[in-house]
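Below is the file work20.pdb, which contains PDB, C-alpha atoms.
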ATOM      1  CA  MET D1207       7.969 -19.090  13.886
ATOM      2  CA  SER D1208       4.597 -20.767  14.076
ATOM      3  CA  PHE D1209       1.922 -20.019  11.503
ATOM      4  CA  ILE D1210      -0.090 -18.084  14.124
ATOM      5  CA  THR D1211       2.921 -15.930  15.043
ATOM      6  CA  ASP D1212       3.665 -15.293  11.373
ATOM      7  CA  LEU D1213       0.037 -14.320  10.781
ATOM      8  CA  PHE D1214      -0.078 -11.741  13.577
ATOM      9  CA  ALA D1215       3.457 -10.338  13.220
ATOM     10  CA  ALA D1216       3.851  -6.818  11.849
ATOM     11  CA  SER D1217       4.413  -6.727   8.094
ATOM     12  CA  ASP D1218       7.895  -5.187   8.473
ATOM     13  CA  ASN D1219       8.958  -8.478  10.074
ATOM     14  CA  PRO D1220      10.513 -10.456   7.174
ATOM     15  CA  ASN D1221       9.074 -13.705   8.582
ATOM     16  CA  SER D1222       5.536 -12.364   8.800
ATOM     17  CA  LEU D1223       2.815 -13.585   6.487
ATOM     18  CA  GLY D1224       2.245  -9.993   5.405
ATOM     19  CA  ALA D1225       5.880  -9.646   4.316
ATOM     20  CA  LYS D1226       5.769 -12.930   2.407
ATOM     21  CA  LEU D1227       2.622 -11.869   0.563
ATOM     22  CA  ARG D1228       4.153  -8.457  -0.148
ATOM     23  CA  ASN D1229       7.225 -10.132  -1.650
ATOM     24  CA  LYS D1230       5.015 -12.260  -3.893
ATOM     25  CA  ARG D1231       3.072  -9.148  -4.924
ATOM     26  CA  GLN D1232       6.333  -7.394  -5.690
ATOM     27  CA  GLN D1233       7.307 -10.256  -8.002
ATOM     28  CA  VAL D1234       3.996  -9.890  -9.855
ATOM     29  CA  PHE D1235       4.532  -6.146 -10.135
ATOM     30  CA  GLU D1236       8.081  -6.520 -11.439
ATOM     31  CA  ALA D1237       6.997  -9.094 -14.018
ATOM     32  CA  LEU D1238       4.439  -6.591 -15.309
ATOM     33  CA  PHE D1239       7.040  -3.827 -15.153
ATOM     34  CA  PHE D1240       9.602  -5.686 -17.244
ATOM     35  CA  SER D1241       6.982  -6.760 -19.768
ATOM     36  CA  HIS D1242       5.858  -3.151 -20.230
ATOM     37  CA  PHE D1243       9.022  -1.043 -20.107
ATOM     38  CA  LYS D1244      12.152  -1.090 -22.227
ATOM     39  CA  THR D1245      14.831  -1.113 -19.583
ATOM     40  CA  SER D1246      17.343   0.448 -21.949
ATOM     41  CA  GLU D1247      15.486   3.749 -21.476
ATOM     42  CA  SER D1248      15.293   6.097 -18.496
ATOM     43  CA  ILE D1249      12.312   5.260 -16.256
ATOM     44  CA  LYS D1250      10.942   7.579 -13.564
ATOM     45  CA  ILE D1251       8.829   6.032 -10.809
ATOM     46  CA  LEU D1252       6.834   7.863  -8.140
ATOM     47  CA  ASP D1253       6.097   5.743  -5.060
ATOM     48  CA  VAL D1254       3.246   7.411  -3.193
ATOM     49  CA  GLY D1255       3.665   6.696   0.503
ATOM     50  CA  GLY D1256       6.700   4.540  -0.176
ATOM     51  CA  THR D1257       9.605   3.519   2.028
ATOM     52  CA  ASP D1258      13.216   2.587   1.467
ATOM     53  CA  TYR D1259      12.473  -0.710   3.231
ATOM     54  CA  PHE D1260       9.856  -1.754   0.667
ATOM     55  CA  TRP D1261      12.389  -1.639  -2.192
ATOM     56  CA  LYS D1262      15.152  -3.496  -0.333
ATOM     57  CA  ASN D1263      14.487  -6.811  -2.102
ATOM     58  CA  SER D1264      13.681  -5.254  -5.472
ATOM     59  CA  SER D1265      16.012  -5.213  -8.463
ATOM     60  CA  LEU D1266      14.703  -1.834  -9.691
ATOM     61  CA  PRO D1267      16.724   0.539  -7.424
ATOM     62  CA  LYS D1268      19.889  -1.219  -8.568
ATOM     63  CA  MET D1269      19.219  -0.323 -12.209
ATOM     64  CA  PRO D1270      21.011   2.932 -13.133
ATOM     65  CA  GLN D1271      18.298   3.935 -15.615
ATOM     66  CA  VAL D1272      15.532   3.708 -12.971
ATOM     67  CA  GLU D1273      14.857   6.637 -10.637
ATOM     68  CA  ILE D1274      12.401   6.114  -7.772
ATOM     69  CA  THR D1275      10.948   9.094  -5.890
ATOM     70  CA  LEU D1276       9.288   8.395  -2.528
ATOM     71  CA  LEU D1277       6.486  10.849  -1.700
ATOM     72  CA  ASN D1278       5.387  11.151   1.944
ATOM     73  CA  LEU D1279       4.000  13.729   4.350
ATOM     74  CA  THR D1280       7.426  13.746   6.034
ATOM     75  CA  LYS D1281      10.856  13.094   4.566
ATOM     76  CA  GLU D1282      11.674   9.394   4.385
ATOM     77  CA  LYS D1283      15.163   8.136   5.240
ATOM     78  CA  VAL D1284      16.771   6.759   2.084
ATOM     79  CA  GLU D1285      19.779   4.445   2.033
ATOM     80  CA  GLN D1286      19.586   2.744  -1.350
ATOM     81  CA  PRO D1287      20.996   4.299  -4.512
ATOM     82  CA  GLY D1288      18.337   5.039  -7.089
ATOM     83  CA  LEU D1289      15.877   6.287  -4.461
ATOM     84  CA  LYS D1290      15.146   9.825  -3.314
ATOM     85  CA  SER D1291      12.613  11.211  -0.864
ATOM     86  CA  VAL D1292      10.357  14.264  -1.205
ATOM     87  CA  VAL D1293       7.646  15.754   0.990
ATOM     88  CA  GLY D1294       4.167  16.011  -0.490
ATOM     89  CA  ASP D1295       0.482  15.176  -0.286
ATOM     90  CA  ALA D1296      -0.908  12.195  -2.212
ATOM     91  CA  THR D1297      -4.225  13.974  -2.730
ATOM     92  CA  CYS D1298      -2.696  17.124  -4.247
ATOM     93  CA  MET D1299       0.591  17.085  -6.170
ATOM     94  CA  PRO D1300       0.903  20.455  -7.955
ATOM     95  CA  GLU D1301       4.687  20.139  -7.832
ATOM     96  CA  PHE D1302       4.483  17.497 -10.562
ATOM     97  CA  GLN D1303       3.414  18.181 -14.119
ATOM     98  CA  ASP D1304       0.987  15.996 -16.064
ATOM     99  CA  GLN D1305       2.488  12.649 -17.115
ATOM    100  CA  SER D1306       5.806  13.534 -15.476
ATOM    101  CA  PHE D1307       6.379   9.961 -14.246
ATOM    102  CA  ASP D1308       6.510   6.807 -16.326
ATOM    103  CA  LEU D1309       4.912   4.890 -13.455
ATOM    104  CA  VAL D1310       3.149   5.725 -10.208
ATOM    105  CA  PHE D1311       3.308   2.954  -7.604
ATOM    106  CA  SER D1312       1.603   2.766  -4.228
ATOM    107  CA  ASN D1313       1.339  -0.059  -1.709
ATOM    108  CA  SER D1314      -1.306  -0.034   1.053
ATOM    109  CA  VAL D1315      -1.691   3.741   1.156
ATOM    110  CA  ILE D1316      -4.949   4.753  -0.528
ATOM    111  CA  GLU D1317      -6.968   3.271   2.344
ATOM    112  CA  HIS D1318      -5.198   5.688   4.753
ATOM    113  CA  VAL D1319      -6.466   9.055   3.456
ATOM    114  CA  TYR D1320      -9.545   9.339   5.714
ATOM    115  CA  THR D1321     -12.412   9.845   3.232
ATOM    116  CA  TRP D1322     -13.756   8.657  -0.114
ATOM    117  CA  GLU D1323     -13.345  12.226  -1.375
ATOM    118  CA  ASN D1324      -9.618  12.070  -0.602
ATOM    119  CA  GLN D1325      -9.349   8.657  -2.231
ATOM    120  CA  VAL D1326     -10.876  10.142  -5.395
ATOM    121  CA  LYS D1327      -8.400  13.042  -5.256
ATOM    122  CA  MET D1328      -5.465  10.666  -4.772
ATOM    123  CA  ALA D1329      -6.556   8.413  -7.639
ATOM    124  CA  ASN D1330      -7.054  11.405  -9.926
ATOM    125  CA  GLU D1331      -3.621  12.790  -9.106
ATOM    126  CA  ILE D1332      -1.989   9.409  -9.674
ATOM    127  CA  GLN D1333      -3.566   9.162 -13.129
ATOM    128  CA  ARG D1334      -2.656  12.774 -13.892
ATOM    129  CA  VAL D1335       1.049  12.635 -13.038
ATOM    130  CA  GLY D1336       1.690   9.051 -14.179
ATOM    131  CA  LYS D1337       1.642   7.458 -17.603
ATOM    132  CA  THR D1338       1.053   4.091 -15.926
ATOM    133  CA  PHE D1339       0.216   2.984 -12.388
ATOM    134  CA  PHE D1340       0.158   0.027  -9.987
ATOM    135  CA  ILE D1341      -1.901   0.762  -6.868
ATOM    136  CA  GLN D1342      -2.484  -1.861  -4.158
ATOM    137  CA  THR D1343      -4.887  -1.873  -1.223
ATOM    138  CA  PRO D1344      -6.198  -4.527   1.196
ATOM    139  CA  ASN D1345      -9.573  -5.983   0.240
ATOM    140  CA  LYS D1346     -12.371  -4.713   2.491
ATOM    141  CA  TYR D1347     -14.117  -8.084   2.444
ATOM    142  CA  PHE D1348     -11.195 -10.307   3.453
ATOM    143  CA  PRO D1349     -12.249 -11.785   6.819
ATOM    144  CA  ILE D1350      -9.112 -10.729   8.718
ATOM    145  CA  GLU D1351      -8.755  -6.940   8.749
ATOM    146  CA  ALA D1352      -5.331  -6.134   7.327
ATOM    147  CA  HIS D1353      -4.120  -3.481   9.768
ATOM    148  CA  TYR D1354      -5.190  -4.999  13.063
ATOM    149  CA  ALA D1355      -5.121  -8.703  12.110
ATOM    150  CA  ILE D1356      -8.456  -9.096  13.899
ATOM    151  CA  PRO D1357     -11.246 -11.080  12.215
ATOM    152  CA  PHE D1358     -14.110  -8.871  10.978
ATOM    153  CA  ALA D1359     -12.735  -5.762  12.714
ATOM    154  CA  GLN D1360     -13.824  -3.672   9.704
ATOM    155  CA  TYR D1361     -17.457  -4.330  10.633
ATOM    156  CA  MET D1362     -17.120  -3.437  14.321
ATOM    157  CA  PRO D1363     -17.851   0.011  15.784
ATOM    158  CA  LYS D1364     -14.714   2.044  16.487
ATOM    159  CA  SER D1365     -15.820   2.301  20.111
ATOM    160  CA  ILE D1366     -15.339  -1.465  20.397
ATOM    161  CA  ILE D1367     -12.130  -1.711  18.373
ATOM    162  CA  PHE D1368     -10.331   1.012  20.349
ATOM    163  CA  PRO D1369     -10.278  -0.839  23.708
ATOM    164  CA  ILE D1370      -9.466  -4.104  21.954
ATOM    165  CA  LEU D1371      -6.392  -2.429  20.445
ATOM    166  CA  THR D1372      -5.276  -0.572  23.558
ATOM    167  CA  LYS D1373      -6.290  -2.890  26.417
ATOM    168  CA  THR D1374      -5.606  -6.362  24.966
ATOM    169  CA  ARG D1375      -2.979  -8.130  22.876
ATOM    170  CA  LEU D1376      -5.457  -9.480  20.345
ATOM    171  CA  SER D1377      -4.091  -7.204  17.620
ATOM    172  CA  ARG D1378      -0.672  -8.390  16.454
ATOM    173  CA  LEU D1379       0.058  -9.788  19.936
ATOM    174  CA  ARG D1380       0.627  -6.343  21.445
ATOM    175  CA  LYS D1381      -1.175  -3.444  23.068
ATOM    176  CA  TRP D1382      -1.393  -0.366  20.841
ATOM    177  CA  ASP D1383      -0.474   3.117  21.988
ATOM    178  CA  GLU D1384      -3.756   5.030  22.369
ATOM    179  CA  ARG D1385      -2.706   7.822  20.013
ATOM    180  CA  ASP D1386      -1.612   5.353  17.310
ATOM    181  CA  ALA D1387      -4.819   3.365  17.675
ATOM    182  CA  GLN D1388      -7.001   6.451  17.316
ATOM    183  CA  GLN D1389      -4.981   7.639  14.329
ATOM    184  CA  TYR D1390      -5.542   4.355  12.505
ATOM    185  CA  LEU D1391      -9.232   4.277  13.379
ATOM    186  CA  ASP D1392      -9.646   7.816  12.033
ATOM    187  CA  GLU D1393      -7.731   7.429   8.791
ATOM    188  CA  ILE D1394      -8.508   3.963   7.449
ATOM    189  CA  LEU D1395     -11.269   3.515   4.875
ATOM    190  CA  LEU D1396     -11.042   0.089   3.262
ATOM    191  CA  LEU D1397     -11.865  -0.429  -0.408
ATOM    192  CA  ASP D1398     -13.431  -3.274  -2.334
ATOM    193  CA  GLU D1399     -13.112  -4.215  -6.008
ATOM    194  CA  LYS D1400     -16.024  -1.975  -7.022
ATOM    195  CA  GLY D1401     -14.365   0.975  -5.307
ATOM    196  CA  MET D1402     -11.027   0.342  -7.007
ATOM    197  CA  ARG D1403     -12.687   0.044 -10.410
ATOM    198  CA  THR D1404     -14.499   3.328  -9.780
ATOM    199  CA  LEU D1405     -11.260   5.072  -8.783
ATOM    200  CA  PHE D1406      -9.259   3.605 -11.687
ATOM    201  CA  PRO D1407     -11.645   3.170 -14.646
ATOM    202  CA  GLY D1408     -10.501   0.642 -17.217
ATOM    203  CA  ALA D1409      -7.691  -0.693 -15.024
ATOM    204  CA  SER D1410      -6.844  -4.349 -14.683
ATOM    205  CA  ILE D1411      -7.302  -5.707 -11.154
ATOM    206  CA  TYR D1412      -4.750  -8.166  -9.793
ATOM    207  CA  LYS D1413      -6.360 -10.196  -7.002
ATOM    208  CA  GLU D1414      -3.944 -11.515  -4.396
ATOM    209  CA  LYS D1415      -5.458 -14.549  -2.694
ATOM    210  CA  MET D1416      -5.046 -16.220   0.676
ATOM    211  CA  PHE D1417      -7.025 -19.302   1.818
ATOM    212  CA  GLY D1418      -8.786 -19.071  -1.559
ATOM    213  CA  MET D1419     -10.144 -15.593  -0.771
ATOM    214  CA  VAL D1420      -9.069 -12.206  -2.154
ATOM    215  CA  LYS D1421      -6.783 -10.564   0.412
ATOM    216  CA  SER D1422      -5.730  -7.508  -1.575
ATOM    217  CA  LEU D1423      -6.472  -5.709  -4.829
ATOM    218  CA  SER D1424      -4.035  -3.994  -7.183
ATOM    219  CA  ALA D1425      -5.296  -1.697  -9.943
ATOM    220  CA  HIS D1426      -2.860  -1.279 -12.832
ATOM    221  CA  ASN D1427      -2.625  -0.427 -16.511
ATOM    222  CA  LEU D1428       0.580  -2.293 -17.310
ATOM    223  CA  GLY D1429      -1.050  -4.654 -19.765
TER     224      GLY D1429
END
Structure translated into structure tokens:
Amino acid sequence: MSFITDLFAASDNPNSLGAKLRNKRQQVFEALFFSHFKTSESIKILDVGGTDYFWKNSSLPKMPQVEITLLNLTKEKVEQPGLKSVVGDATCMPEFQDQSFDLVFSNSVIEHVYTWENQVKMANEIQRVGKTFFIQTPNKYFPIEAHYAIPFAQYMPKSIIFPILTKTRLSRLRKWDERDAQQYLDEILLLDEKGMRTLFPGASIYKEKMFGMVKSLSAHNLG
């Protein structure tokens, strides 16, 4: 693949730039994980908005002492041992007691909950049910908007973005289904570093860079 094709390919394509950056981020996360946890003990992880696919290249599901629960609005198909799927809402998790997970993980989800109020609810629930956390989101100020792969799309009116998505192939080299395009335009609210620090007070912020600029932000308290 050419660099341009890699850049615009969907992130579930293993050759895409998004997938390569995600794999690097996963390595950073796992380094923090293994420096924080004693792997001789049982470790419960809640992945908010997680997928079986995300953990395919990870060593954690293969560890018998690690249990990973995927939480989504609908049941996620699970093929790997060590993973299970439950239905729930990231902004309200009464089914889980305080500090019931050793770690709460989430990758590119908190920007999908429609409003700042919901982002606050999600962050509060994460910090309530988890003893530690690692929460990633695309950086609002990276020039190429993460979901559409269109430069500066985050600054354009939705009335302009919608026809670009549905009538042209400028976004990821394909035309979007109108319903999918509207869903994304409704739900996405990008965050910057200030927002992440407000949502997760006292957290460390891992800054993932591309072309010397911060592409994504991960708030964590893993040391």
Legend entry - Atomic separation - atom CA of Glu1393 of chain D relative to atom CA of Phe1307 of chain D, Å: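 The value is 27.1 Å.
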Inset, instruction - Considering only C-alpha atoms, state which residue in the set D:Gln1286, D:Thr1374, D:Ser1246, D:Thr1343 is at the smallest distance from Lys1413 of chain D. - result: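 Closest candidate: D:Thr1343.
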Inset, instruction - Determine, counting all atoms listed in the file, which protein, DNA and RNA residues have an atom within 10 Å of an atom of Glu1414 of chain D; residues of the same chain fewer than 2 positions away are not included. Present the result as a PyMOL selection string. - result: chain D and resi 1227-1228+1230-1231+1234+1342+1344-1345+1411-1412+1416+1418-1424
Inset, instruction - Return as a list in words the set of residues that the PyMOL selection byres ((chain D and resi 1326-1331) around 7) yields on the displayed structure. - result: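 Selected by the PyMOL selection byres ((chain D and resi 1326-1331) around 7) in this file: Ala1296, Thr1297, Cys1298, Met1299, Trp1322, Glu1323, Asn1324, Gln1325, Ile1332, Gln1333, Arg1334, Val1335, Leu1405 and Phe1406 of chain D.
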Quick one: write out the picked residues with C-alpha atoms as a short mmCIF file (atom, residue, chain, number, x, y, z; two decimals), in the frame of the given file?
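Below you can see selection.cif, which holds the result:
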data_model
loop_
_atom_site.label_atom_id
_atom_site.label_comp_id
_atom_site.auth_asym_id
_atom_site.auth_seq_id
_atom_site.Cartn_x
_atom_site.Cartn_y
_atom_site.Cartn_z
CA ALA D 1296 -0.91 12.20 -2.21
CA THR D 1297 -4.22 13.97 -2.73
CA CYS D 1298 -2.70 17.12 -4.25
CA MET D 1299 0.59 17.08 -6.17
CA TRP D 1322 -13.76 8.66 -0.11
CA GLU D 1323 -13.34 12.23 -1.38
CA ASN D 1324 -9.62 12.07 -0.60
CA GLN D 1325 -9.35 8.66 -2.23
CA ILE D 1332 -1.99 9.41 -9.67
CA GLN D 1333 -3.57 9.16 -13.13
CA ARG D 1334 -2.66 12.77 -13.89
CA VAL D 1335 1.05 12.64 -13.04
CA LEU D 1405 -11.26 5.07 -8.78
CA PHE D 1406 -9.26 3.60 -11.69
#
Can you tell me, as a PDB file with C-alpha atoms, in the frame of the given file, which residues sit within 12 Å of (-8.8, -10.5, 13.3) in the file's frame, using all atoms listed in the file?
ATOM      1  CA  ILE D1210      -0.090 -18.084  14.124  1.00  0.00           C
ATOM      2  CA  LEU D1213       0.037 -14.320  10.781  1.00  0.00           C
ATOM      3  CA  PHE D1214      -0.078 -11.741  13.577  1.00  0.00           C
ATOM      4  CA  PHE D1348     -11.195 -10.307   3.453  1.00  0.00           C
ATOM      5  CA  PRO D1349     -12.249 -11.785   6.819  1.00  0.00           C
ATOM      6  CA  ILE D1350      -9.112 -10.729   8.718  1.00  0.00           C
ATOM      7  CA  GLU D1351      -8.755  -6.940   8.749  1.00  0.00           C
ATOM      8  CA  ALA D1352      -5.331  -6.134   7.327  1.00  0.00           C
ATOM      9  CA  HIS D1353      -4.120  -3.481   9.768  1.00  0.00           C
ATOM     10  CA  TYR D1354      -5.190  -4.999  13.063  1.00  0.00           C
ATOM     11  CA  ALA D1355      -5.121  -8.703  12.110  1.00  0.00           C
ATOM     12  CA  ILE D1356      -8.456  -9.096  13.899  1.00  0.00           C
ATOM     13  CA  PRO D1357     -11.246 -11.080  12.215  1.00  0.00           C
ATOM     14  CA  PHE D1358     -14.110  -8.871  10.978  1.00  0.00           C
ATOM     15  CA  ALA D1359     -12.735  -5.762  12.714  1.00  0.00           C
ATOM     16  CA  GLN D1360     -13.824  -3.672   9.704  1.00  0.00           C
ATOM     17  CA  TYR D1361     -17.457  -4.330  10.633  1.00  0.00           C
ATOM     18  CA  MET D1362     -17.120  -3.437  14.321  1.00  0.00           C
ATOM     19  CA  ILE D1367     -12.130  -1.711  18.373  1.00  0.00           C
ATOM     20  CA  ILE D1370      -9.466  -4.104  21.954  1.00  0.00           C
ATOM     21  CA  LEU D1371      -6.392  -2.429  20.445  1.00  0.00           C
ATOM     22  CA  ARG D1375      -2.979  -8.130  22.876  1.00  0.00           C
ATOM     23  CA  LEU D1376      -5.457  -9.480  20.345  1.00  0.00           C
ATOM     24  CA  SER D1377      -4.091  -7.204  17.620  1.00  0.00           C
ATOM     25  CA  ARG D1378      -0.672  -8.390  16.454  1.00  0.00           C
ATOM     26  CA  LEU D1379       0.058  -9.788  19.936  1.00  0.00           C
TER      27      LEU D1379
END
Inset, instruction - Run the PyMOL selection byres ((chain D and resi 1399) around 9) against the file shown and list the residues it catches, as a list in words. - result: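 On the file shown, the PyMOL selection byres ((chain D and resi 1399) around 9) covers Asn1345, Lys1346, Leu1397, Asp1398, Lys1400, Gly1401, Met1402, Arg1403, Thr1404, Ile1411 and Leu1423 of chain D.
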Legend entry - Between atom CA of Ile1274 of chain D and atom CA of Leu1289 of chain D, distance in Å (one decimal): 4.8 Å
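Atom CA of Tyr1390 of chain D sits 23.0 Å away from atom CA of Lys1226 of chain D.
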Legend entry - Selected residue, from D:Gly1294, D:Gly1255, D:Gly1288, D:Pro1363, that lies nearest to Pro1270 of chain D when counting only C-alpha atoms: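 Residue with the minimum atom-to-atom distance to Pro1270 of chain D: D:Gly1288.
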The PyMOL selection byres ((chain D and resi 1262) around 12) - which residues does that actually catch in the file I just gave you? List them as a CSV table (one decimal) with C-alpha atoms, in the coordinates of the input.
chain,number,residue,atom,x,y,z
D,1218,ASP,CA,7.9,-5.2,8.5
D,1220,PRO,CA,10.5,-10.5,7.2
D,1229,ASN,CA,7.2,-10.1,-1.6
D,1232,GLN,CA,6.3,-7.4,-5.7
D,1256,GLY,CA,6.7,4.5,-0.2
D,1257,THR,CA,9.6,3.5,2.0
D,1258,ASP,CA,13.2,2.6,1.5
D,1259,TYR,CA,12.5,-0.7,3.2
D,1260,PHE,CA,9.9,-1.8,0.7
D,1261,TRP,CA,12.4,-1.6,-2.2
D,1263,ASN,CA,14.5,-6.8,-2.1
D,1264,SER,CA,13.7,-5.3,-5.5
D,1265,SER,CA,16.0,-5.2,-8.5
D,1266,LEU,CA,14.7,-1.8,-9.7
D,1267,PRO,CA,16.7,0.5,-7.4
D,1268,LYS,CA,19.9,-1.2,-8.6
D,1284,VAL,CA,16.8,6.8,2.1
D,1285,GLU,CA,19.8,4.4,2.0
D,1286,GLN,CA,19.6,2.7,-1.4
D,1287,PRO,CA,21.0,4.3,-4.5
D,1288,GLY,CA,18.3,5.0,-7.1
D,1289,LEU,CA,15.9,6.3,-4.5
Inset, instruction - Counting all atoms listed in the file, figure out which residue out of D:Ser1410, D:Asp1295, D:His1318, D:Met1269 gets nearest to Ile1394 of chain D. - result: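 Of all the options, D:His1318 lies closest to Ile1394 of chain D.
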Inset, instruction - For Leu1252 of chain D, please output as JSON, numbers by chain all residues within 8 Å (counting only C-alpha atoms; exclusion window: fewer than 3 positions along the same chain). - result: {"D": [1274, 1275, 1276, 1277, 1307, 1309, 1310, 1311]}
Put those residues in a file: C-alpha atoms, as a PDB file, in the coordinates of the input.
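As a result, again17.pdb now contains:
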ATOM      1  CA  ILE D1274      12.401   6.114  -7.772  1.00  0.00           C
ATOM      2  CA  THR D1275      10.948   9.094  -5.890  1.00  0.00           C
ATOM      3  CA  LEU D1276       9.288   8.395  -2.528  1.00  0.00           C
ATOM      4  CA  LEU D1277       6.486  10.849  -1.700  1.00  0.00           C
ATOM      5  CA  PHE D1307       6.379   9.961 -14.246  1.00  0.00           C
ATOM      6  CA  LEU D1309       4.912   4.890 -13.455  1.00  0.00           C
ATOM      7  CA  VAL D1310       3.149   5.725 -10.208  1.00  0.00           C
ATOM      8  CA  PHE D1311       3.308   2.954  -7.604  1.00  0.00           C
TER       9      PHE D1311
END
Inset, instruction - Find the residues around Phe1240 of chain D up to 12 Å (all atoms listed in the file counted), leave out those fewer than 4 positions away in its own chain, and share them as a list in words. - result: Gln1233, Val1234, Phe1235, Glu1236, Lys1244, Thr1245, Ser1246, Glu1247, Ile1249, Ser1265, Leu1266, Val1272, Leu1428 and Gly1429 of chain D
Legend entry - Exercise: Phe1368 of chain D partners within 8 Å, only C-alpha atoms, chain neighbours under 3 positions left out, as a PyMOL selection string: chain D and resi 1364-1365+1371-1372+1384+1387-1388+1391
Legend entry - Selected residue, from D:Tyr1320, D:Phe1417, D:Tyr1347, D:Phe1340, that lies nearest to Ile1251 of chain D when counting only C-alpha atoms: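 The closest residue to Ile1251 of chain D is D:Phe1340.
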